[in-house]
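K.L.:
Please find one structure pasted underneath; my questions will follow.
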Amino acid sequence: MKLLSLSLVSILIALSVASAEIKQLTLLGKRTVTIVSSKVTVGDLADLQDISNKEFADRISGIAVGRPLSAGEELTIEASAIVQALNENGINLREIGYVFPKNIAVSRAARLITLAEVKDAIQGTLSKSGRSLTVTEVDYKEPVKVAPGLANIDAKMTSRNKGKMTFGITVRVEGEALTSFNVAATVSDWADVPVASRPLKRGEVIQSSDLQMARVNLEVLGNDVEIREDLLLGKELKNAVSAGDTFKYFSVKVPPVVLASSKVSVVYESGALKAIATGVALEAGIAGQVIKVQNDASKKVIMARVVEPGLVKVETEVLR
């Protein structure tokens, strides 16, 4: 009887040794895991121990479990999902040992795109405009999460209205999908522009003494403000302008060189023939403009091109 008991013990030990030799590794599941990449693998969820076949271990370690995670996302993976993934990838569970908690909490590492980064991206875009545009405020209350790593951030203006702009922000992290979002920003564009030095009436021709320079935010004023003094001098006002006000593009015009009802000399040239007559301008006109003129002698109304004050010219192409 004693001999039989010793034999049974020997058999159990032999079976145990044989069973241990079959196991190529052991998986010890973790309770909480933080991953860097989007893919969740067996190697993330468990420690691999007692490895006898490295190639086999690498294969198991790389098996995906569950779905990919976005930056900062959290997910609970059940032990049964790990076993299922192993089976689906052709792993013979008899060849491995494994112990998993019922649930494993998985989270993906992330970092926040800061307000400073967004402002820098917007300012970089504004600096390409050639104007003194400066971002003063960005509506960015909920920071966006992206995967860890070097982020390239680009900003593209999508709308603009008197200092209020909307930008599309694109974040690129190597190996990751693009992250895009929109932000609203307040932008200033301070510049020295000409303003009226005194109240000016409709019809007045602007002189240098009528102008003075003032520093204003063009983004608040809009895009129709004339910012060059030289483009205002000598222009006629279409409407009155108060002292200190800026000038709109559409509020000035080139004054006529020839006034309606004024006396003019009419020059006619055709080849070697040149004749001069007098007439009355029936319309006002600037240099180069074709106007109606009545010949004093014939009373005939002709079309002539304004040359300079008091002089118009009848050209062959005008007669056609």
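Ligands are numbered from 1 in the order shown, chains are lettered A, B, ... in the order of the structure tokens, and residues start at 1 in each chain.
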Just want the 7 Å neighbourhood of range 121-137 of chain A, counted on only C-alpha atoms, with same-chain residues fewer than 3 positions away dropped. Output as a list in words.
P.N.:
Glu117, Val118, Ile153, Asp154, Ala155, Lys156, Ala185, Thr186, Val187, Ser188, Asp189 and Trp190 of chain A
K.L.:
Neighbouring residues of range 27-40 of chain A were defined as those with any atom within 10 Å, considering only C-alpha atoms; residues of the same chain fewer than 3 positions away were excluded. Please report them as a ChimeraX atom specification.
P.N.:
/A:43-51,57,60-77,79,82,96-110,147-149,175-176
K.L.:
Report, in Å with one decimal, the straight-line distance from CA of Lys145 in chain A to CA of Ala177 in chain A.
P.N.:
12.5 Å
K.L.:
Listing only residues of range 234-320 of chain A within 9 Å of range 204-222 of chain A, what is the closest atom pair and its distance in Å (to one decimal) for each, using only C-alpha atoms, sorted by chain and residue number ascending, as a tab-separated table?
P.N.:
```
residue	atom	partner	partner_atom	distance
A:Gly234	CA	A:Ile206	CA	5.2
A:Lys235	CA	A:Val205	CA	5.4
A:Glu236	CA	A:Val205	CA	4.3
A:Leu237	CA	A:Glu204	CA	5.6
A:Lys238	CA	A:Glu204	CA	8.5
A:Ala240	CA	A:Glu204	CA	8.7
A:Gly244	CA	A:Ala214	CA	8.2
A:Thr246	CA	A:Leu221	CA	8.9
A:Val254	CA	A:Val205	CA	8.9
A:Pro255	CA	A:Val205	CA	7.3
```
K.L.:
Export C-alpha atoms of the chosen residues as a compact mmCIF listing (two decimals), in the first residue's frame?
P.N.:
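This is the output file result_13.txt:
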```txt
# COMPACT_ATOMS: atom_id res chain seq x y z
CA GLY A 234 -7.21 116.88 -54.37
CA LYS A 235 -10.31 114.70 -54.13
CA GLU A 236 -13.81 116.14 -53.85
CA LEU A 237 -16.08 115.13 -50.98
CA LYS A 238 -19.33 113.43 -51.88
CA ALA A 240 -19.84 116.11 -45.31
CA GLY A 244 -11.77 113.71 -36.45
CA THR A 246 -11.91 109.01 -41.19
CA VAL A 254 -11.86 113.02 -58.44
CA PRO A 255 -13.14 116.60 -58.97
```
K.L.:
When you look at range 263-267 of chain A with a cut-off of 8 Å (counting only C-alpha atoms), what residues show up, excluding the ones that are within fewer than 3 positions of it in the same chain? I need them as a PyMOL selection string.
P.N.:
chain A and resi 274-281+304+310-314
K.L.:
Tell me, which residues of range 19-217 of chain A carry DSSP strand (DSSP E or B), written as a PyMOL selection string?
P.N.:
chain A and resi 25-29+32-35+41+46-49+64+74-78+96-99+103-108+111-112+133-139+145-146+151-161+164-173+179-196+200+205+211-217
K.L.:
DSSP on the backbone: what in range 4-168 of chain A comes out helix (DSSP H, G or I), as a PyMOL selection string?
P.N.:
chain A and resi 4-22+42-45+54-61+79-88+93-95+115-129
